[in-house]
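Here is target-v1.cif, consisting of mmCIF, C-alpha atoms:
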data_run
#
loop_
_atom_site.label_atom_id
_atom_site.label_comp_id
_atom_site.auth_asym_id
_atom_site.auth_seq_id
_atom_site.Cartn_x
_atom_site.Cartn_y
_atom_site.Cartn_z
CA MET J 2 -21.11 -8.48 27.69
CA LYS J 3 -18.09 -6.18 27.37
CA VAL J 4 -16.30 -5.89 24.03
CA TRP J 5 -12.57 -6.53 24.30
CA GLU J 6 -9.77 -5.42 22.01
CA THR J 7 -7.64 -8.59 22.27
CA LEU J 8 -10.12 -11.19 23.50
CA GLN J 9 -13.39 -12.81 22.55
CA VAL J 10 -15.53 -13.92 25.48
CA GLU J 11 -18.30 -16.43 24.83
CA ARG J 12 -20.77 -17.94 27.27
CA SER J 13 -22.91 -21.07 27.27
CA ASP J 14 -24.89 -21.61 30.47
CA ALA J 15 -22.37 -21.69 33.33
CA VAL J 16 -19.32 -22.08 31.05
CA VAL J 17 -17.34 -19.11 29.75
CA GLU J 18 -14.72 -19.28 26.99
CA ILE J 19 -11.91 -16.73 26.90
CA VAL J 20 -10.45 -16.66 23.39
CA LEU J 21 -7.08 -15.02 22.71
CA ASN J 22 -7.88 -12.95 19.65
CA ARG J 23 -4.85 -11.42 17.97
CA PRO J 24 -4.46 -14.06 15.23
CA GLN J 25 -2.65 -11.71 12.83
CA GLN J 26 0.00 -11.24 15.53
CA ARG J 27 -0.01 -14.97 16.37
CA ASN J 28 -1.81 -14.02 19.60
CA ALA J 29 1.36 -12.45 20.96
CA LEU J 30 0.85 -11.09 24.45
CA ASN J 31 0.93 -7.30 24.56
CA ALA J 32 0.15 -4.89 27.40
CA VAL J 33 -3.48 -4.54 26.38
CA MET J 34 -3.99 -8.31 26.38
CA CYS J 35 -2.32 -8.54 29.80
CA ASP J 36 -4.72 -5.98 31.24
CA GLU J 37 -7.77 -7.45 29.51
CA LEU J 38 -6.96 -10.99 30.62
CA ARG J 39 -6.56 -9.86 34.22
CA GLU J 40 -9.74 -7.77 34.18
CA CYS J 41 -11.80 -10.45 32.44
CA VAL J 42 -10.65 -13.25 34.70
CA GLN J 43 -11.20 -11.22 37.86
CA ALA J 44 -14.76 -10.48 36.74
CA LEU J 45 -15.39 -14.19 36.15
CA ARG J 46 -13.89 -15.02 39.55
CA ASP J 47 -16.47 -12.79 41.21
CA ASP J 48 -19.40 -14.12 39.14
CA ALA J 49 -21.04 -16.95 41.07
CA THR J 50 -23.04 -17.99 38.01
CA VAL J 51 -19.85 -19.00 36.17
CA HIS J 52 -18.77 -22.53 37.13
CA CYS J 53 -16.07 -23.37 34.59
CA VAL J 54 -13.79 -21.43 32.23
CA ILE J 55 -12.07 -22.45 28.98
CA VAL J 56 -9.04 -20.56 27.66
CA ARG J 57 -8.29 -21.07 23.97
CA ALA J 58 -7.14 -19.07 20.95
CA ASN J 59 -8.17 -17.98 17.47
CA GLY J 60 -5.84 -18.97 14.65
CA PRO J 61 -3.23 -21.72 14.30
CA VAL J 62 -0.99 -20.40 17.13
CA PHE J 63 -2.13 -20.49 20.76
CA CYS J 64 0.29 -17.69 21.70
CA ALA J 65 3.68 -16.84 20.21
CA GLY J 66 4.90 -15.34 23.48
CA ALA J 67 5.40 -11.73 24.45
CA ASP J 68 4.90 -9.09 21.75
CA LEU J 69 8.55 -8.08 21.41
CA LYS J 70 7.75 -5.36 18.87
CA GLU J 71 5.96 -3.56 21.68
CA ARG J 72 9.20 -3.39 23.67
CA GLN J 73 11.24 -1.64 21.02
CA GLY J 74 12.32 1.69 22.48
CA MET J 75 11.26 0.81 26.01
CA GLY J 76 13.57 1.61 28.90
CA PRO J 77 14.27 -0.80 31.79
CA ASP J 78 11.47 0.60 33.96
CA GLU J 79 8.93 0.26 31.16
CA VAL J 80 10.01 -3.32 30.42
CA ARG J 81 9.79 -4.18 34.11
CA ALA J 82 6.30 -2.69 34.35
CA ARG J 83 5.22 -4.63 31.26
CA ARG J 84 6.51 -7.89 32.75
CA VAL J 85 4.61 -7.20 35.97
CA LYS J 86 1.42 -6.82 33.90
CA ALA J 87 2.00 -10.29 32.46
CA PHE J 88 2.64 -11.80 35.89
CA ALA J 89 -0.61 -10.24 37.12
CA ALA J 90 -2.52 -11.82 34.23
CA TYR J 91 -1.08 -15.29 34.89
CA ASP J 92 -1.76 -14.96 38.61
CA ALA J 93 -5.35 -13.89 37.99
CA ILE J 94 -5.95 -17.08 35.99
CA GLU J 95 -4.42 -19.20 38.75
CA GLN J 96 -6.53 -17.44 41.38
CA ILE J 97 -9.83 -17.63 39.51
CA GLY J 98 -11.20 -20.02 42.13
CA LYS J 99 -13.13 -22.26 39.74
CA PRO J 100 -12.07 -24.95 37.25
CA CYS J 101 -10.21 -23.54 34.25
CA ILE J 102 -9.21 -25.61 31.20
CA ALA J 103 -6.68 -24.56 28.55
CA LEU J 104 -7.23 -25.84 25.03
CA VAL J 105 -3.95 -25.62 23.10
CA GLU J 106 -4.25 -26.34 19.37
CA GLY J 107 -0.94 -24.89 18.19
CA PRO J 108 2.39 -23.53 19.42
CA ALA J 109 2.46 -22.08 22.94
CA ILE J 110 5.73 -20.20 23.30
CA GLY J 111 6.99 -18.39 26.38
CA SER J 112 4.02 -16.39 27.68
CA GLY J 113 1.70 -18.75 25.82
CA GLY J 114 2.88 -21.61 27.97
CA GLU J 115 2.50 -19.46 31.08
CA ILE J 116 -1.14 -18.73 30.22
CA ALA J 117 -1.85 -22.41 29.58
CA MET J 118 -0.04 -23.57 32.72
CA ALA J 119 -1.91 -21.04 34.84
CA CYS J 120 -5.07 -23.01 34.02
CA ASP J 121 -5.91 -26.15 36.01
CA PHE J 122 -5.00 -28.49 33.17
CA ILE J 123 -4.25 -28.49 29.47
CA VAL J 124 -5.99 -30.36 26.67
CA ALA J 125 -3.95 -30.37 23.46
CA THR J 126 -4.12 -31.48 19.87
CA GLU J 127 -1.22 -32.98 17.94
CA ALA J 128 -0.45 -29.52 16.54
CA ALA J 129 0.38 -28.21 20.00
CA ALA J 130 4.00 -27.51 20.94
CA PHE J 131 5.51 -25.89 24.00
CA ARG J 132 8.73 -23.84 24.04
CA THR J 133 10.45 -21.62 26.62
CA PRO J 134 13.27 -19.94 24.62
CA GLU J 135 13.53 -16.75 26.72
CA ALA J 136 17.15 -17.30 27.76
CA LEU J 137 18.17 -17.70 24.12
CA TRP J 138 16.54 -14.33 23.43
CA GLY J 139 18.57 -12.69 26.19
CA THR J 140 15.84 -12.54 28.83
CA VAL J 141 14.39 -14.68 31.63
CA GLY J 142 10.95 -16.27 31.78
CA ALA J 143 8.91 -19.41 32.43
CA THR J 144 11.31 -20.45 35.19
CA GLN J 145 8.68 -21.27 37.83
CA ARG J 146 5.59 -22.96 36.39
CA MET J 147 7.44 -25.18 33.90
CA PRO J 148 9.72 -26.89 36.47
CA ARG J 149 6.68 -27.55 38.65
CA ALA J 150 4.90 -29.09 35.67
CA VAL J 151 7.64 -31.21 34.07
CA GLY J 152 10.47 -31.31 36.62
CA LYS J 153 13.66 -29.32 36.98
CA ARG J 154 15.84 -31.16 34.47
CA LEU J 155 13.41 -31.19 31.56
CA ALA J 156 12.57 -27.53 32.24
CA LYS J 157 16.28 -26.69 32.05
CA ASP J 158 16.65 -28.66 28.83
CA MET J 159 13.81 -26.63 27.30
CA ALA J 160 15.10 -23.31 28.65
CA PHE J 161 18.77 -23.82 27.75
CA THR J 162 18.24 -25.30 24.27
CA GLY J 163 14.88 -23.84 23.24
CA ARG J 164 13.62 -27.21 22.07
CA ALA J 165 9.90 -27.78 21.74
CA LEU J 166 7.83 -30.41 23.48
CA GLY J 167 5.29 -31.91 21.12
CA ALA J 168 1.85 -32.81 22.38
CA GLN J 169 2.60 -36.47 23.16
CA GLU J 170 5.90 -35.74 24.91
CA ALA J 171 4.21 -32.95 26.86
CA ARG J 172 1.53 -35.41 27.97
CA GLU J 173 4.13 -37.97 29.01
CA ALA J 174 5.98 -35.28 30.98
CA GLY J 175 2.80 -34.26 32.83
CA LEU J 176 2.41 -30.85 31.20
CA VAL J 177 -0.64 -31.89 29.14
CA ALA J 178 -3.51 -33.86 30.64
CA ARG J 179 -5.03 -35.16 27.40
CA VAL J 180 -4.25 -35.19 23.68
CA VAL J 181 -7.37 -35.23 21.52
CA PRO J 182 -8.03 -35.26 17.74
CA ALA J 183 -8.04 -31.80 16.23
CA ASP J 184 -11.50 -32.15 14.69
CA GLU J 185 -12.98 -33.13 18.05
CA ALA J 186 -10.99 -30.86 20.35
CA LEU J 187 -13.41 -27.99 20.90
CA GLU J 188 -16.43 -30.25 21.25
CA CYS J 189 -14.49 -32.45 23.68
CA VAL J 190 -13.40 -29.56 25.90
CA ARG J 191 -16.84 -27.99 25.85
CA GLY J 192 -18.33 -31.31 26.95
CA MET J 193 -15.81 -31.58 29.78
CA ALA J 194 -16.55 -28.02 30.86
CA GLN J 195 -20.31 -28.57 30.88
CA ALA J 196 -19.89 -31.71 33.00
CA ILE J 197 -17.66 -29.81 35.45
CA ALA J 198 -20.08 -26.89 35.53
CA GLY J 199 -22.91 -29.27 36.43
CA ALA J 200 -21.16 -30.42 39.60
CA PRO J 201 -21.67 -28.69 42.98
CA PRO J 202 -19.64 -25.45 42.71
CA LEU J 203 -18.46 -25.42 46.33
CA ALA J 204 -17.10 -28.97 46.10
CA MET J 205 -15.27 -28.08 42.89
CA HIS J 206 -13.83 -24.91 44.41
CA LEU J 207 -12.64 -26.72 47.53
CA THR J 208 -11.17 -29.61 45.53
CA LYS J 209 -9.22 -27.18 43.38
CA ASP J 210 -8.01 -25.32 46.46
CA CYS J 211 -6.98 -28.53 48.27
CA ILE J 212 -4.90 -29.73 45.33
CA ASP J 213 -3.29 -26.35 44.65
CA ARG J 214 -2.37 -25.71 48.27
CA GLY J 215 -1.70 -29.33 49.19
CA VAL J 216 1.10 -29.89 46.67
CA GLU J 217 2.94 -26.88 48.11
CA THR J 218 3.09 -28.30 51.65
CA ASP J 219 3.97 -31.53 53.43
CA ALA J 220 1.65 -34.52 53.85
CA ALA J 221 0.41 -33.51 57.30
CA GLY J 222 -0.32 -29.97 56.19
CA ALA J 223 -2.07 -31.19 53.06
CA LEU J 224 -4.30 -33.50 55.11
CA ALA J 225 -5.21 -30.60 57.39
CA ILE J 226 -6.19 -28.55 54.33
CA GLU J 227 -8.46 -31.35 53.11
CA LEU J 228 -10.05 -31.88 56.53
CA LEU J 229 -10.83 -28.18 56.77
CA ALA J 230 -12.39 -28.30 53.30
CA ILE J 231 -14.53 -31.29 54.30
CA ASP J 232 -15.71 -29.43 57.39
CA THR J 233 -16.59 -26.41 55.25
CA LEU J 234 -18.56 -28.63 52.89
CA LEU J 235 -20.42 -30.39 55.71
CA GLN J 236 -21.72 -27.02 56.88
CA SER J 237 -23.15 -26.25 53.45
CA PRO J 238 -26.84 -26.98 52.71
CA ASP J 239 -25.78 -28.25 49.28
CA TRP J 240 -24.06 -31.20 50.92
CA GLY J 241 -27.29 -32.48 52.47
CA LYS J 242 -29.15 -32.13 49.18
CA LYS J 243 -26.46 -34.05 47.31
CA ILE J 244 -26.36 -36.88 49.81
CA ALA J 245 -30.16 -37.08 49.76
CA SER J 246 -30.01 -37.72 46.00
CA PHE J 247 -27.15 -40.22 46.27
CA GLY J 248 -28.07 -43.49 44.53
CA SER J 249 -30.97 -41.93 42.64
CA VAL J 250 -31.55 -42.75 38.99
CA ALA J 251 -29.79 -40.33 36.66
CA GLY J 252 -31.16 -39.13 33.35
CA ASN J 253 -29.30 -41.88 31.49
CA GLY J 254 -31.02 -44.59 33.51
CA GLU J 255 -27.94 -45.37 35.59
CA LYS J 256 -27.74 -44.99 39.34
CA THR J 257 -25.51 -42.24 40.61
CA GLY J 258 -23.02 -42.78 43.37
CA GLY J 259 -20.69 -45.54 44.37
CA ARG J 260 -18.12 -46.23 47.04
CA HIS J 261 -16.63 -43.10 48.51
CA ALA J 262 -14.56 -42.33 51.58
#
Show the structure stored in the file as structure tokens.
Amino acid sequence: MKVWETLQVERSDAVVEIVLNRPQQRNALNAVMCDELRECVQALRDDATVHCVIVRANGPVFCAGADLKERQGMGPDEVRARRVKAFAAYDAIEQIGKPCIALVEGPAIGSGGEIAMACDFIVATEAAAFRTPEALWGTVGATQRMPRAVGKRLAKDMAFTGRALGAQEAREAGLVARVVPADEALECVRGMAQAIAGAPPLAMHLTKDCIDRGVETDAAGALAIELLAIDTLLQSPDWGKKIASFGSVAGNGEKTGGRHA
């Protein structure tokens, strides 16, 4: 597996963990990390043997935001190009095409929140905190994903005042899916990822796609997206195999299946 300058990449069966690995710089996002995140994620997107991805970080800070030291002496064109690199990294995570979980165990500021929000959902510990202080620093950022996650008014409160959302408030606002004990967090997320990875990959991919695309359209359009996904699934040989095993006894002695539409 490739050696990265700013990342650690670990694999267990069909689960891959991408670890932000600049702890001495509080995992601040620099140009190299932007490029490596994009390249790494695109490779995982194209690897059919990878069924689930975890994004987490080394050190007590998930990501302190953009590496502002890197921008000292940059002209407008260079700053613009650097921002485009970051956008490409976030977009690559969103477009990975398979379930992606963010584990946030410390502050996620600016770009850190963008990386976490680009994943399908966030699992956090009590040490997690989310801030979008870009406007207070004289720049613009985190103006699109955050309002979609927590609503326009709370996103403006965060952007205008720079206040942090703690883990519990972030969960209540819909930004965080689960808050878990710190000493159980990694084991918990790895267990979730292994369970997801054990599900039929096509069904997971189509479910992710239906949700992502469906929330951006009206009810009729969203239903059409789901019907098309169902039709795609019905044409897959995996569907017949799964239905054939429906109601069989699982390894834990319980019957699989239940009432489904």
Nearest candidate to Val124 in chain J (options J:Val85, J:Ile110, J:Gln169, J:Ile97; using only C-alpha atoms): J:Gln169
Report the distance between CA of Glu173 in chain J and CA of Val151 in chain J in Å, rounded to one decimal place.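 Between CA of Glu173 in chain J and CA of Val151 in chain J the gap is 9.1 Å.
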So what does the PyMOL selection byres ((chain J and resi 96) around 10) actually pick up in this one, as a PyMOL selection string? chain J and resi 42-43+46+90-95+97-99+119-120+210
Using the chain letters and numbers from the file, give me the residues hit by the PyMOL selection byres ((chain J and resi 204) around 12), as an NGL selection string. :J and (52 or 98-100 or 197-203 or 205-211 or 227 or 230-240 or 243)
Excluding same-chain residues fewer than 4 positions from Ala117 in chain J, what lies within 12 Å of it counting all atoms listed in the file, as a PyMOL selection string? chain J and resi 19+21+55-58+63-64+66+90-92+94-95+101-113+121-125+129-131+143+146-147+150+176-178
Restricting the calculation to all atoms listed in the file: of J:Arg12, J:Arg154, J:Lys86, J:Arg72, which residue gets closest to Ala194 in chain J?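 Among J:Arg12, J:Arg154, J:Lys86, J:Arg72, it is J:Arg12 that comes nearest to Ala194 in chain J.
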Could you check the closest approach to Val62 in chain J for each of J:Gly76, J:Pro24, J:Gly192, J:Gly215 and tell me which residue wins, using all atoms listed in the file? J:Pro24
What's around Ser13 in chain J at 10 Å? Count only C-alpha atoms, leave out sequence neighbours fewer than 3 positions away in its own chain, and write the answer as a list in words. Val16, Val17, Glu18, Val51, Arg191 and Gln195 of chain J
Residue among J:Thr144, J:Thr50, J:Asn59, J:Gln73 lying closest to Asn28 in chain J, counting all atoms listed in the file: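 Checking each of J:Thr144, J:Thr50, J:Asn59, J:Gln73 against Asn28 in chain J, counting all atoms listed in the file, the winner is J:Asn59.
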Test item: which residues lie within 8 Å of (6.0, -33.2, 19.3) counting all atoms listed in the file, as a PyMOL selection string: chain J and resi 127-130+165-171
For the atom pair CA of Glu188 in chain J and CA of Asp36 in chain J, what is the interatomic distance in Å to one decimal place? 28.7 Å
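In this structure, CA of Ala136 in chain J sits 6.4 Å away from CA of Ala160 in chain J.
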Pick from J:Ala49, J:Gly60, J:Met118, J:Ala32, whichever lies nearest to Arg83 in chain J using only C-alpha atoms: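 Of the candidates, the smallest distance to Arg83 in chain J is held by J:Ala32.
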Quick one: residues within 10 Å of Phe161 in chain J, only C-alpha atoms counted, chain neighbours fewer than 2 positions away excluded, as a list in words?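 With the cut-off at 10 Å, the set is Thr133, Pro134, Glu135, Ala136, Leu137, Leu155, Ala156, Lys157, Asp158, Met159, Gly163 and Arg164 of chain J.
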